[in-house]
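Chemist: So that you have it, the file is upload-v2.cif, and it contains mmCIF, C-alpha atoms:
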```cif
data_coords
#
loop_
_atom_site.label_atom_id
_atom_site.label_comp_id
_atom_site.auth_asym_id
_atom_site.auth_seq_id
_atom_site.Cartn_x
_atom_site.Cartn_y
_atom_site.Cartn_z
CA MET F 1 0.00 0.00 0.00
CA PRO F 2 1.47 3.38 -0.98
CA GLU F 3 2.37 5.95 1.64
CA PRO F 4 -0.25 8.66 2.21
CA LEU F 5 0.50 11.91 0.43
CA SER F 6 1.90 14.78 2.45
CA GLU F 7 0.09 18.09 2.70
CA GLU F 8 2.86 19.62 0.57
CA GLN F 9 2.20 17.10 -2.22
CA ARG F 10 -1.55 17.78 -2.04
CA ALA F 11 -0.93 21.51 -2.16
CA ALA F 12 1.39 21.09 -5.16
CA VAL F 13 -1.29 19.05 -6.98
CA LEU F 14 -3.96 21.67 -6.30
CA GLU F 15 -1.70 24.56 -7.27
CA ALA F 16 -0.87 22.84 -10.56
CA ALA F 17 -4.53 21.96 -11.16
CA ARG F 18 -5.58 25.59 -10.79
CA GLN F 19 -3.25 26.74 -13.57
CA PRO F 20 -4.94 27.58 -16.90
CA GLY F 21 -4.97 24.62 -19.29
CA ALA F 22 -3.91 22.15 -16.59
CA THR F 23 -4.47 18.49 -17.41
CA ARG F 24 -4.50 15.54 -15.09
CA ASN F 25 -1.66 13.81 -16.92
CA GLY F 26 0.36 17.02 -16.94
CA ILE F 27 -0.04 17.29 -13.16
CA VAL F 28 1.04 13.66 -12.80
CA ARG F 29 4.22 14.38 -14.77
CA LEU F 30 4.87 17.62 -12.88
CA THR F 31 4.28 16.34 -9.34
CA GLY F 32 5.01 12.62 -9.58
CA VAL F 33 1.68 11.88 -7.88
CA SER F 34 -0.37 9.03 -9.39
CA ALA F 35 -3.23 9.82 -11.78
CA GLY F 36 -5.79 8.33 -9.39
CA ALA F 37 -4.52 10.46 -6.51
CA VAL F 38 -4.57 13.61 -8.66
CA THR F 39 -8.17 12.86 -9.65
CA THR F 40 -9.20 12.23 -6.04
CA ILE F 41 -7.45 15.32 -4.64
CA CYS F 42 -8.95 17.58 -7.30
CA ALA F 43 -12.44 16.10 -6.91
CA GLU F 44 -12.34 16.55 -3.13
CA ALA F 45 -11.28 20.20 -3.61
CA GLY F 46 -13.90 20.84 -6.32
CA VAL F 47 -11.24 21.57 -8.95
CA SER F 48 -12.06 20.44 -12.49
CA PHE F 49 -9.91 20.37 -15.59
CA ASP F 50 -10.35 22.38 -18.77
CA ARG F 51 -11.75 19.90 -21.30
CA ALA F 52 -11.71 22.26 -24.31
CA ALA F 53 -8.66 20.62 -25.86
CA THR F 54 -10.12 17.16 -25.34
CA GLU F 55 -13.46 18.19 -26.83
CA THR F 56 -11.72 19.67 -29.86
CA ALA F 57 -9.68 16.50 -30.35
CA VAL F 58 -12.79 14.32 -30.03
CA ARG F 59 -14.66 16.45 -32.60
CA ALA F 60 -11.70 16.27 -34.99
CA ARG F 61 -11.52 12.49 -34.60
CA ALA F 62 -15.26 12.21 -35.27
CA VAL F 63 -14.82 14.21 -38.49
CA ASP F 64 -11.92 11.94 -39.53
CA LEU F 65 -13.96 8.80 -38.85
CA ARG F 66 -16.97 10.20 -40.75
CA ALA F 67 -14.70 10.88 -43.75
CA ALA F 68 -13.27 7.36 -43.55
CA ARG F 69 -16.78 5.86 -43.46
CA LEU F 70 -17.80 7.96 -46.46
CA GLY F 71 -14.72 6.78 -48.36
CA LEU F 72 -15.47 3.17 -47.51
CA ALA F 73 -19.14 3.60 -48.47
CA THR F 74 -18.08 5.00 -51.83
CA GLU F 75 -15.69 2.10 -52.42
CA LEU F 76 -18.48 -0.33 -51.52
CA LEU F 77 -20.60 1.16 -54.31
CA ASP F 78 -17.76 0.36 -56.72
CA ASP F 79 -17.72 -3.19 -55.35
CA VAL F 80 -21.50 -3.44 -55.85
CA ALA F 81 -21.04 -2.47 -59.49
CA VAL F 82 -18.38 -5.17 -59.94
CA ALA F 83 -20.58 -7.79 -58.24
CA ARG F 84 -23.55 -6.78 -60.41
CA GLY F 85 -21.37 -7.21 -63.49
CA ARG F 86 -20.46 -10.72 -62.33
CA MET F 87 -24.12 -11.44 -61.62
CA HIS F 88 -25.19 -10.43 -65.13
CA ALA F 89 -22.29 -12.29 -66.73
CA ALA F 90 -22.94 -15.48 -64.77
CA GLU F 91 -23.03 -18.58 -66.92
CA ASP F 92 -24.93 -20.73 -64.43
CA ASN F 93 -27.43 -20.35 -61.62
CA ARG F 94 -24.89 -20.93 -58.88
CA ALA F 95 -22.58 -18.14 -60.09
CA PHE F 96 -25.59 -15.85 -60.52
CA LEU F 97 -26.81 -16.53 -56.99
CA GLU F 98 -23.35 -16.07 -55.44
CA ALA F 99 -22.94 -12.73 -57.20
CA ALA F 100 -26.45 -11.70 -56.20
CA ARG F 101 -25.66 -12.48 -52.57
CA ALA F 102 -22.51 -10.36 -52.84
CA VAL F 103 -24.58 -7.49 -54.26
CA ALA F 104 -27.04 -7.77 -51.37
CA ALA F 105 -24.32 -7.94 -48.71
CA LEU F 106 -22.30 -5.07 -50.16
CA SER F 107 -25.41 -2.91 -50.63
CA GLY F 108 -26.53 -3.56 -47.07
CA THR F 109 -23.13 -2.64 -45.69
CA HIS F 110 -23.15 0.56 -47.73
CA VAL F 111 -26.58 1.53 -46.41
CA ARG F 112 -25.55 0.85 -42.79
CA LEU F 113 -22.38 2.93 -43.15
CA VAL F 114 -24.30 5.87 -44.57
CA ALA F 115 -27.03 5.53 -41.92
CA VAL F 116 -24.46 5.83 -39.10
CA ASP F 117 -23.87 9.47 -39.94
CA ARG F 118 -27.53 10.21 -40.52
CA GLY F 119 -28.51 8.57 -37.24
CA ASP F 120 -31.42 7.11 -39.20
CA ASP F 121 -32.54 3.66 -38.08
CA ALA F 122 -35.53 3.90 -40.41
CA GLY F 123 -33.09 3.98 -43.33
CA ILE F 124 -31.59 0.71 -42.16
CA ASP F 125 -35.04 -0.89 -41.85
CA THR F 126 -35.94 0.33 -45.33
CA ALA F 127 -32.71 -1.10 -46.71
CA ARG F 128 -33.30 -4.43 -45.00
CA SER F 129 -36.78 -4.57 -46.48
CA MET F 130 -35.45 -3.69 -49.94
CA LEU F 131 -32.65 -6.26 -49.65
CA GLY F 132 -35.14 -8.89 -48.46
CA ARG F 133 -37.32 -8.25 -51.52
CA LEU F 134 -34.22 -8.37 -53.73
CA ALA F 135 -33.18 -11.72 -52.23
CA THR F 136 -36.70 -13.11 -52.77
CA ALA F 137 -36.72 -11.92 -56.38
CA ILE F 138 -33.30 -13.44 -56.98
CA GLY F 139 -34.48 -16.73 -55.50
CA VAL F 140 -37.54 -16.73 -57.79
CA THR F 141 -35.36 -15.95 -60.82
CA VAL F 142 -32.93 -18.73 -59.96
CA ALA F 143 -35.79 -21.20 -59.40
CA GLU F 144 -37.39 -20.24 -62.73
CA ALA F 145 -34.04 -20.60 -64.49
CA ALA F 146 -33.55 -24.00 -62.88
CA ASP F 147 -37.04 -25.08 -63.99
CA GLU F 148 -36.33 -23.92 -67.53
CA GLY F 149 -33.03 -25.81 -67.49
CA ALA F 150 -34.78 -28.94 -66.29
CA GLY F 151 -37.38 -28.59 -69.04
CA HIS F 152 -34.65 -28.39 -71.67
CA ALA F 153 -32.98 -31.44 -70.22
CA ASP F 154 -36.26 -33.36 -70.60
CA ASP F 155 -36.49 -32.27 -74.24
CA GLU F 156 -33.06 -33.72 -74.97
CA THR F 157 -33.90 -37.24 -73.74
#
```
Rewrite the coordinates I just gave you, this time as C-alpha cells.

Modeler:
Amino acid sequence: MPEPLSEEQRAAVLEAARQPGATRNGIVRLTGVSAGAVTTICAEAGVSFDRAATETAVRARAVDLRAARLGLATELLDDVAVARGRMHAAEDNRAFLEAARAVAALSGTHVRLVAVDRGDDAGIDTARSMLGRLATAIGVTVAEAADEGAGHADDET
C-alpha cells in the first residue's frame, strides 16, 4: 500500500490543477503523484480540468472517422457495381446466386455505413426490407431458371 500523500504534495497538486490549461496527466508528470490520486485530490477540492482541448480533439476524430466511413461507403458502391457485373455475366445459376448475394451484402453494408452518420434507423429498416425483396426476387429468378433448365434437359432425352 502506498504511503499517504503529504500536505505539501496535495498543495502542489492543487496549485498545478488551478493553472490555466492544466491536465491531469500534466499534473502527474509535474508532481510525480499518481493519476488516481490527482483525480481524487482535485475532486475533493472541487477543482475540475479544462476539457476544451479534449473536446476539440474528439470532434476532430469524429470528423476523420466520418470521412473514412464515407470513403469506404463510396468504395463499396464500386464493389456493388463489380458484383452486379459478375451477376449479369454469370453462366450458371450458382454463379448468378453467389454474385447476387454479394450485391445484397455489399449494398446492405453501404446503407448501414451511410445511416451511421444520418442517425437514421428507419433507413436501415428500409434497406433491410429492400434487400429482403431483392433476395426473394433473386431466389424466384434462380428457381425459374432452374425449372427452364430442367425442361430443356427433358427435351433432350

Chemist: Do a neighbour search on Thr23 of chain F at 9 Å with all atoms listed in the file, toss out local chain neighbours closer than 6 positions, and write the hits as a ChimeraX atom specification.

Modeler: /F:16-17,49-51

Chemist: When you draw a straight line from atom CA of Leu77 of chain F to atom CA of His110 of chain F, how long is it in Å?

Modeler: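 Distance between the two atoms: 7.1 Å.
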
Chemist: With all atoms listed in the file as the counted atoms, please give the residues lying no more than 9 Å from Leu113 of chain F, apart from itself and same-chain residues fewer than 2 positions off, as a ChimeraX atom specification.

Modeler: /F:69-70,72-73,108-111,115-117

Chemist: I'd like the neighbourhood of Ala12 of chain F as a PyMOL selection string, where a residue qualifies if any of its atoms comes within 12 Å (using only C-alpha atoms), though same-chain residues fewer than 2 positions away should be ignored.

Modeler: chain F and resi 5-10+14-19+27-28+30-33+38+41-42

Chemist: Please evaluate the PyMOL selection byres ((chain F and resi 97) around 10) against the displayed coordinates and give the resulting residues as a ChimeraX atom specification.

Modeler: /F:87,90,92-96,98-103,135,138-139,141-142

Chemist: Quick one: of F:Val13, F:Ala105, F:Ala22, F:Ala83, who's nearest to Ala52 of chain F, counting only C-alpha atoms?

Modeler: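 Ranked by minimum distance to Ala52 of chain F, first place goes to F:Ala22.
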
Chemist: Nearest to Ser34 of chain F among F:Pro4, F:Val82, F:Ala143, F:Gly46, with distances taken over all atoms listed in the file: which residue is it?

Modeler: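 Answer, going by the shortest atom-to-atom distance: F:Pro4.
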
Chemist: So how many Å separate atom CA of Leu134 of chain F and atom CA of Arg112 of chain F, to one decimal?

Modeler: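 Those two atoms sit 16.7 Å apart.
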
Chemist: Just give me the gap between atom CA of Ser107 of chain F and atom CA of Val80 of chain F in Å, one decimal is fine.

Modeler: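 Atom-to-atom, atom CA of Ser107 of chain F and atom CA of Val80 of chain F are spaced 6.5 Å apart.
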
Chemist: Find the axis-aligned box for segment 26-36 of chain F, covering all its listed atoms and adding 4 Å on each side, and write its centre and edge lengths in Å to one decimal as AutoDock Vina command-line options.

Modeler:
```
--center_x -0.4 --center_y 13.0 --center_z -12.4 --size_x 18.8 --size_y 17.3 --size_z 17.1
```
